[in-house]
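A.B. asks: Take this structure, written in structure tokens, and hold onto it; I'll ask about it next.
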Amino acid sequence: MLDAITQFIEQSGGWMYVLAPLFMIVVAILPIPAEIPAMLNGMIFGAWVGSGITWGGGLVGAIVSFELARHFGRPLAQRVVSPAALEKADRAVCSVGWPGLLTLRLIPTVAFTVVNWAAGFTPIRRWTFCWTTAVGIVPGAVVFTMTGMGLGALYRKNPALGVLLVASALAVVIWAMLKYRRGVATRAAVDCGPAVVKE
């Protein structure tokens, strides 16, 4: 298997700089684990370029998923779900706002693709979704690309970077929780647009 992948990479040459980001975009749209493509990016392009490709492809794929759900999923939900139930769900999402969305991005067990699609069904603003995704997927993109085996391997390979990533993720979560406590009503107005397709 590894020999076949190596041969394909060698034959692709410069096209890998096109194919790898496209593959990451597809992985972010479909329910496919992103860890293996991220590891391959690290093997092919090295730690930092590979991390950039993993992060960029993941971000673009997340935005595509969000837009598809916003334009096609939301109207469908409005047809099959009662207005009262939909309004209740919208209020719940808006009450947690960007701190909740950012925290979900930083929890490794929460499926990346599910968050992408689910957010598009809600009135969360595009900008809120984009920046929380851009920030929230950095630790995972770096960890899986650089090590291929997760945080434990990263720590064994580069303890300082492992500690820095964990500390940064914890700091962002704590900051998000403190911001969350400042008030739900204001956040709903900032993070959420009208519960319609057009914002």
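Scheme for the structure tokens: letters A, B, ... for chains in order shown; per-chain residue numbers from 1; ligand numbers from 1 in order shown.
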Give me the residues within 7 Å of segment 113-122 of chain A as a PyMOL selection string, counting only C-alpha atoms and dropping any in the same chain fewer than 2 places off.
C.D. replies: chain A and resi 28-31+62+65-67+69-70+73-74+90+111+124
A.B. asks: Atoms to include: N, CA and C atoms. Write the selected residues as a PDB file, in the first residue's frame.
C.D. replies:
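Listing of out-v9.pdb after writing:
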```pdb
ATOM      1  N   ALA A  28     -13.012  17.328   3.851  1.00  0.00           N
ATOM      2  CA  ALA A  28     -13.727  18.208   4.775  1.00  0.00           C
ATOM      3  C   ALA A  28     -15.221  18.270   4.466  1.00  0.00           C
ATOM      4  N   ILE A  29     -15.584  18.024   3.214  1.00  0.00           N
ATOM      5  CA  ILE A  29     -17.007  18.058   2.828  1.00  0.00           C
ATOM      6  C   ILE A  29     -17.690  16.735   3.144  1.00  0.00           C
ATOM      7  N   LEU A  30     -17.007  15.629   2.888  1.00  0.00           N
ATOM      8  CA  LEU A  30     -17.580  14.303   3.091  1.00  0.00           C
ATOM      9  C   LEU A  30     -17.186  13.750   4.463  1.00  0.00           C
ATOM     10  N   PRO A  31     -17.975  12.812   4.985  1.00  0.00           N
ATOM     11  CA  PRO A  31     -17.641  12.234   6.303  1.00  0.00           C
ATOM     12  C   PRO A  31     -16.488  11.238   6.215  1.00  0.00           C
ATOM     13  N   ALA A  62     -14.649  23.232   4.739  1.00  0.00           N
ATOM     14  CA  ALA A  62     -15.635  23.580   5.759  1.00  0.00           C
ATOM     15  C   ALA A  62     -16.570  24.678   5.261  1.00  0.00           C
ATOM     16  N   SER A  65     -19.019  23.212   2.719  1.00  0.00           N
ATOM     17  CA  SER A  65     -20.064  22.455   3.415  1.00  0.00           C
ATOM     18  C   SER A  65     -21.085  23.387   4.042  1.00  0.00           C
ATOM     19  N   PHE A  66     -20.591  24.426   4.704  1.00  0.00           N
ATOM     20  CA  PHE A  66     -21.466  25.403   5.356  1.00  0.00           C
ATOM     21  C   PHE A  66     -22.404  26.049   4.343  1.00  0.00           C
ATOM     22  N   GLU A  67     -21.870  26.467   3.208  1.00  0.00           N
ATOM     23  CA  GLU A  67     -22.688  27.131   2.196  1.00  0.00           C
ATOM     24  C   GLU A  67     -23.725  26.184   1.579  1.00  0.00           C
ATOM     25  N   ALA A  69     -25.092  23.612   3.075  1.00  0.00           N
ATOM     26  CA  ALA A  69     -26.130  23.425   4.087  1.00  0.00           C
ATOM     27  C   ALA A  69     -26.994  24.671   4.227  1.00  0.00           C
ATOM     28  N   ARG A  70     -26.376  25.846   4.130  1.00  0.00           N
ATOM     29  CA  ARG A  70     -27.122  27.098   4.272  1.00  0.00           C
ATOM     30  C   ARG A  70     -28.124  27.279   3.136  1.00  0.00           C
ATOM     31  N   GLY A  73     -29.893  23.002   2.802  1.00  0.00           N
ATOM     32  CA  GLY A  73     -30.362  22.332   4.009  1.00  0.00           C
ATOM     33  C   GLY A  73     -31.347  23.153   4.819  1.00  0.00           C
ATOM     34  N   ARG A  74     -31.070  24.452   4.944  1.00  0.00           N
ATOM     35  CA  ARG A  74     -31.952  25.299   5.744  1.00  0.00           C
ATOM     36  C   ARG A  74     -33.363  25.365   5.154  1.00  0.00           C
ATOM     37  N   ASP A  90     -32.548  27.417  16.908  1.00  0.00           N
ATOM     38  CA  ASP A  90     -31.800  28.626  16.554  1.00  0.00           C
ATOM     39  C   ASP A  90     -31.382  29.406  17.794  1.00  0.00           C
ATOM     40  N   ALA A 111     -16.871  15.396  15.448  1.00  0.00           N
ATOM     41  CA  ALA A 111     -16.628  15.204  14.012  1.00  0.00           C
ATOM     42  C   ALA A 111     -16.591  16.546  13.282  1.00  0.00           C
ATOM     43  N   ILE A 124     -26.242  31.077  12.372  1.00  0.00           N
ATOM     44  CA  ILE A 124     -24.909  31.592  12.741  1.00  0.00           C
ATOM     45  C   ILE A 124     -24.326  32.335  11.539  1.00  0.00           C
TER      46      ILE A 124
END
```
A.B. asks: Find the residues near Glu35 of chain A: any atom within 10 Å, counting only C-alpha atoms, skip ones fewer than 2 places away on the same chain, and give them as a PDB file with N, CA and C atoms, in the first residue's frame.
C.D. replies:
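That gives us selection_2.pdb:
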```pdb
ATOM      1  N   VAL A  27     -12.306  15.835   1.616  1.00  0.00           N
ATOM      2  CA  VAL A  27     -12.379  15.167   2.917  1.00  0.00           C
ATOM      3  C   VAL A  27     -13.168  16.008   3.915  1.00  0.00           C
ATOM      4  N   ILE A  32     -15.312  11.752   5.886  1.00  0.00           N
ATOM      5  CA  ILE A  32     -14.103  10.939   5.775  1.00  0.00           C
ATOM      6  C   ILE A  32     -13.100  11.449   6.806  1.00  0.00           C
ATOM      7  N   PRO A  33     -12.506  10.554   7.606  1.00  0.00           N
ATOM      8  CA  PRO A  33     -11.504  11.001   8.592  1.00  0.00           C
ATOM      9  C   PRO A  33     -10.356  11.749   7.908  1.00  0.00           C
ATOM     10  N   PRO A  37      -5.127  11.783   5.368  1.00  0.00           N
ATOM     11  CA  PRO A  37      -4.639  12.790   4.416  1.00  0.00           C
ATOM     12  C   PRO A  37      -3.669  13.785   5.053  1.00  0.00           C
ATOM     13  N   ALA A  38      -3.930  14.151   6.313  1.00  0.00           N
ATOM     14  CA  ALA A  38      -3.028  15.074   7.002  1.00  0.00           C
ATOM     15  C   ALA A  38      -1.646  14.450   7.171  1.00  0.00           C
ATOM     16  N   MET A  39      -1.610  13.166   7.537  1.00  0.00           N
ATOM     17  CA  MET A  39      -0.328  12.481   7.685  1.00  0.00           C
ATOM     18  C   MET A  39       0.418  12.433   6.350  1.00  0.00           C
ATOM     19  N   LEU A  40      -0.319  12.138   5.279  1.00  0.00           N
ATOM     20  CA  LEU A  40       0.302  12.100   3.954  1.00  0.00           C
ATOM     21  C   LEU A  40       0.868  13.461   3.562  1.00  0.00           C
ATOM     22  N   ASN A  41       0.138  14.522   3.917  1.00  0.00           N
ATOM     23  CA  ASN A  41       0.645  15.873   3.635  1.00  0.00           C
ATOM     24  C   ASN A  41       1.984  16.112   4.330  1.00  0.00           C
ATOM     25  N   THR A  54      -2.991  21.150   4.883  1.00  0.00           N
ATOM     26  CA  THR A  54      -4.049  20.524   5.681  1.00  0.00           C
ATOM     27  C   THR A  54      -5.016  21.580   6.206  1.00  0.00           C
ATOM     28  N   GLY A 140      -5.202  20.752  15.445  1.00  0.00           N
ATOM     29  CA  GLY A 140      -5.345  19.436  14.828  1.00  0.00           C
ATOM     30  C   GLY A 140      -4.567  19.312  13.534  1.00  0.00           C
ATOM     31  N   ALA A 141      -4.605  20.364  12.726  1.00  0.00           N
ATOM     32  CA  ALA A 141      -3.881  20.338  11.450  1.00  0.00           C
ATOM     33  C   ALA A 141      -2.385  20.158  11.684  1.00  0.00           C
ATOM     34  N   VAL A 143      -0.859  18.984  14.518  1.00  0.00           N
ATOM     35  CA  VAL A 143      -0.550  17.725  15.211  1.00  0.00           C
ATOM     36  C   VAL A 143      -0.537  16.549  14.245  1.00  0.00           C
ATOM     37  N   PHE A 144      -1.610  16.385  13.482  1.00  0.00           N
ATOM     38  CA  PHE A 144      -1.702  15.208  12.619  1.00  0.00           C
ATOM     39  C   PHE A 144      -0.748  15.285  11.425  1.00  0.00           C
ATOM     40  N   THR A 145      -0.512  16.485  10.928  1.00  0.00           N
ATOM     41  CA  THR A 145       0.404  16.605   9.796  1.00  0.00           C
ATOM     42  C   THR A 145       1.842  16.359  10.216  1.00  0.00           C
ATOM     43  N   GLY A 148       1.558  12.455  12.347  1.00  0.00           N
ATOM     44  CA  GLY A 148       0.829  11.333  11.777  1.00  0.00           C
ATOM     45  C   GLY A 148       0.251  10.409  12.830  1.00  0.00           C
ATOM     46  N   MET A 149       0.525  10.704  14.093  1.00  0.00           N
ATOM     47  CA  MET A 149       0.044   9.807  15.145  1.00  0.00           C
ATOM     48  C   MET A 149      -0.600  10.562  16.304  1.00  0.00           C
ATOM     49  N   GLY A 150      -0.747  11.851  16.188  1.00  0.00           N
ATOM     50  CA  GLY A 150      -1.416  12.588  17.240  1.00  0.00           C
ATOM     51  C   GLY A 150      -0.490  13.290  18.207  1.00  0.00           C
TER      52      GLY A 150
END
```
A.B. asks: Quick check, in Å to one decimal: how far apart do atom CA of Trp55 of chain A and atom CA of Gly136 of chain A lie?
C.D. replies: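 Calculated distance between atom CA of Trp55 of chain A and atom CA of Gly136 of chain A is 10.1 Å.
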A.B. asks: Grab the atom CA of Met43 of chain A to atom CA of Ile107 of chain A distance for me, in Å with one decimal place.
C.D. replies: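 Straight-line distance from atom CA of Met43 of chain A to atom CA of Ile107 of chain A works out to 24.8 Å.
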A.B. asks: Under the rule that only C-alpha atoms are counted, which of A:Thr133, A:Thr128, A:Thr109, A:Gln78 is the nearest residue to Gly57 of chain A?
C.D. replies: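 The answer is A:Thr133, which sits nearest to Gly57 of chain A.
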A.B. asks: Select from segment 33-184 of chain A everything DSSP, run on the backbone, classes as alpha helix (DSSP H), then give the selection as a ChimeraX atom specification.
C.D. replies: /A:35-45,47-68,74-80,83-106,112-121,126-136,138-147,151-157,159-180,184
A.B. asks: Write out the residues from the selection above, keeping C-alpha atoms, as a CSV table (one decimal), in the first residue's frame.
C.D. replies:
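Generated output (result.csv):
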```
chain,number,residue,atom,x,y,z
A,35,GLU,CA,-6.1,12.2,9.9
A,36,ILE,CA,-4.7,10.0,7.1
A,37,PRO,CA,-4.6,12.8,4.4
A,38,ALA,CA,-3.0,15.1,7.0
A,39,MET,CA,-0.3,12.5,7.7
A,40,LEU,CA,0.3,12.1,4.0
A,41,ASN,CA,0.6,15.9,3.6
A,42,GLY,CA,3.4,15.8,6.3
A,43,MET,CA,5.1,12.9,4.5
A,44,ILE,CA,5.0,14.6,1.1
A,45,PHE,CA,5.5,18.3,1.8
A,47,ALA,CA,5.9,19.6,8.5
A,48,TRP,CA,5.1,23.3,7.8
A,49,VAL,CA,4.0,23.2,4.2
A,50,GLY,CA,2.0,20.1,4.9
A,51,SER,CA,0.3,21.7,7.9
A,52,GLY,CA,-0.6,24.7,5.7
A,53,ILE,CA,-2.1,22.5,3.1
A,54,THR,CA,-4.0,20.5,5.7
A,55,TRP,CA,-5.3,23.7,7.3
A,56,GLY,CA,-6.1,25.5,4.1
A,57,GLY,CA,-7.9,22.6,2.5
A,58,GLY,CA,-9.8,21.9,5.7
A,59,LEU,CA,-10.9,25.5,5.9
A,60,VAL,CA,-12.1,25.7,2.3
A,61,GLY,CA,-13.9,22.4,2.6
A,62,ALA,CA,-15.6,23.6,5.8
A,63,ILE,CA,-16.8,26.8,4.1
A,64,VAL,CA,-18.2,24.8,1.1
A,65,SER,CA,-20.1,22.5,3.4
A,66,PHE,CA,-21.5,25.4,5.4
A,67,GLU,CA,-22.7,27.1,2.2
A,68,LEU,CA,-24.3,24.0,0.8
A,74,ARG,CA,-32.0,25.3,5.7
A,75,PRO,CA,-34.9,25.6,3.3
A,76,LEU,CA,-35.4,21.8,3.6
A,77,ALA,CA,-35.4,22.1,7.4
A,78,GLN,CA,-38.0,24.9,7.2
A,79,ARG,CA,-40.3,22.6,5.3
A,80,VAL,CA,-40.0,19.5,7.5
A,83,PRO,CA,-41.3,26.7,13.1
A,84,ALA,CA,-41.4,26.5,16.9
A,85,ALA,CA,-38.8,23.6,17.0
A,86,LEU,CA,-36.6,25.4,14.5
A,87,GLU,CA,-36.8,28.7,16.4
A,88,LYS,CA,-35.9,26.8,19.6
A,89,ALA,CA,-32.8,25.2,18.0
A,90,ASP,CA,-31.8,28.6,16.6
A,91,ARG,CA,-32.0,30.2,20.0
A,92,ALA,CA,-29.9,27.5,21.5
A,93,VAL,CA,-27.2,27.9,18.9
A,94,CYS,CA,-27.2,31.7,19.1
A,95,SER,CA,-27.0,31.5,22.9
A,96,VAL,CA,-23.6,29.7,22.8
A,97,GLY,CA,-22.4,31.8,19.8
A,98,TRP,CA,-18.8,31.8,18.8
A,99,PRO,CA,-17.4,30.5,22.1
A,100,GLY,CA,-19.4,27.3,21.7
A,101,LEU,CA,-18.5,26.9,18.0
A,102,LEU,CA,-14.8,27.5,18.7
A,103,THR,CA,-14.8,25.1,21.6
A,104,LEU,CA,-16.4,22.4,19.4
A,105,ARG,CA,-13.5,22.9,16.9
A,106,LEU,CA,-11.0,22.3,19.6
A,112,PHE,CA,-15.3,18.0,11.8
A,113,THR,CA,-17.7,17.4,9.0
A,114,VAL,CA,-20.8,17.3,11.3
A,115,VAL,CA,-20.0,20.8,12.7
A,116,ASN,CA,-19.5,22.1,9.1
A,117,TRP,CA,-22.9,20.9,7.9
A,118,ALA,CA,-24.8,21.5,11.2
A,119,ALA,CA,-23.7,25.1,11.4
A,120,GLY,CA,-25.1,25.8,7.9
A,121,PHE,CA,-28.5,24.8,9.1
A,126,ARG,CA,-20.7,33.3,7.9
A,127,TRP,CA,-17.9,35.4,9.4
A,128,THR,CA,-18.4,33.8,12.8
A,129,PHE,CA,-18.3,30.3,11.3
A,130,CYS,CA,-15.2,31.1,9.2
A,131,TRP,CA,-13.0,32.7,11.8
A,132,THR,CA,-13.8,30.1,14.5
A,133,THR,CA,-13.0,27.3,12.0
A,134,ALA,CA,-9.8,29.0,10.9
A,135,VAL,CA,-8.6,29.3,14.5
A,136,GLY,CA,-10.0,26.1,15.9
A,138,VAL,CA,-5.0,24.9,13.7
A,139,PRO,CA,-3.9,22.5,16.5
A,140,GLY,CA,-5.3,19.4,14.8
A,141,ALA,CA,-3.9,20.3,11.4
A,142,VAL,CA,-0.4,20.8,12.9
A,143,VAL,CA,-0.6,17.7,15.2
A,144,PHE,CA,-1.7,15.2,12.6
A,145,THR,CA,0.4,16.6,9.8
A,146,MET,CA,3.6,16.8,11.8
A,147,THR,CA,3.4,13.5,13.5
A,151,LEU,CA,-0.4,14.6,20.2
A,152,GLY,CA,1.5,11.9,22.1
A,153,ALA,CA,3.9,11.3,19.2
A,154,LEU,CA,4.3,15.1,18.7
A,155,TYR,CA,5.2,15.4,22.3
A,156,ARG,CA,7.8,12.6,22.1
A,157,LYS,CA,9.2,14.2,18.9
A,159,PRO,CA,8.0,18.3,23.7
A,160,ALA,CA,8.1,22.1,23.5
A,161,LEU,CA,5.7,22.3,20.5
A,162,GLY,CA,3.4,19.7,22.0
A,163,VAL,CA,3.1,21.6,25.3
A,164,LEU,CA,2.7,24.9,23.3
A,165,LEU,CA,-0.2,23.5,21.3
A,166,VAL,CA,-2.0,22.0,24.3
A,167,ALA,CA,-1.5,25.3,26.3
A,168,SER,CA,-2.7,27.4,23.4
A,169,ALA,CA,-5.9,25.2,22.9
A,170,LEU,CA,-6.6,25.4,26.7
A,171,ALA,CA,-6.1,29.1,26.7
A,172,VAL,CA,-8.5,29.6,23.8
A,173,VAL,CA,-11.2,27.4,25.5
A,174,ILE,CA,-10.8,29.3,28.8
A,175,TRP,CA,-11.0,32.6,27.0
A,176,ALA,CA,-14.1,31.5,25.1
A,177,MET,CA,-15.8,30.4,28.3
A,178,LEU,CA,-15.1,33.7,30.0
A,179,LYS,CA,-16.5,35.6,27.0
A,180,TYR,CA,-19.5,33.3,27.0
A,184,VAL,CA,-26.2,35.7,25.8
```
A.B. asks: Atom CA of Val110 of chain A to atom CA of Asn158 of chain A: how many Å, to one decimal?
C.D. replies: 25.5 Å
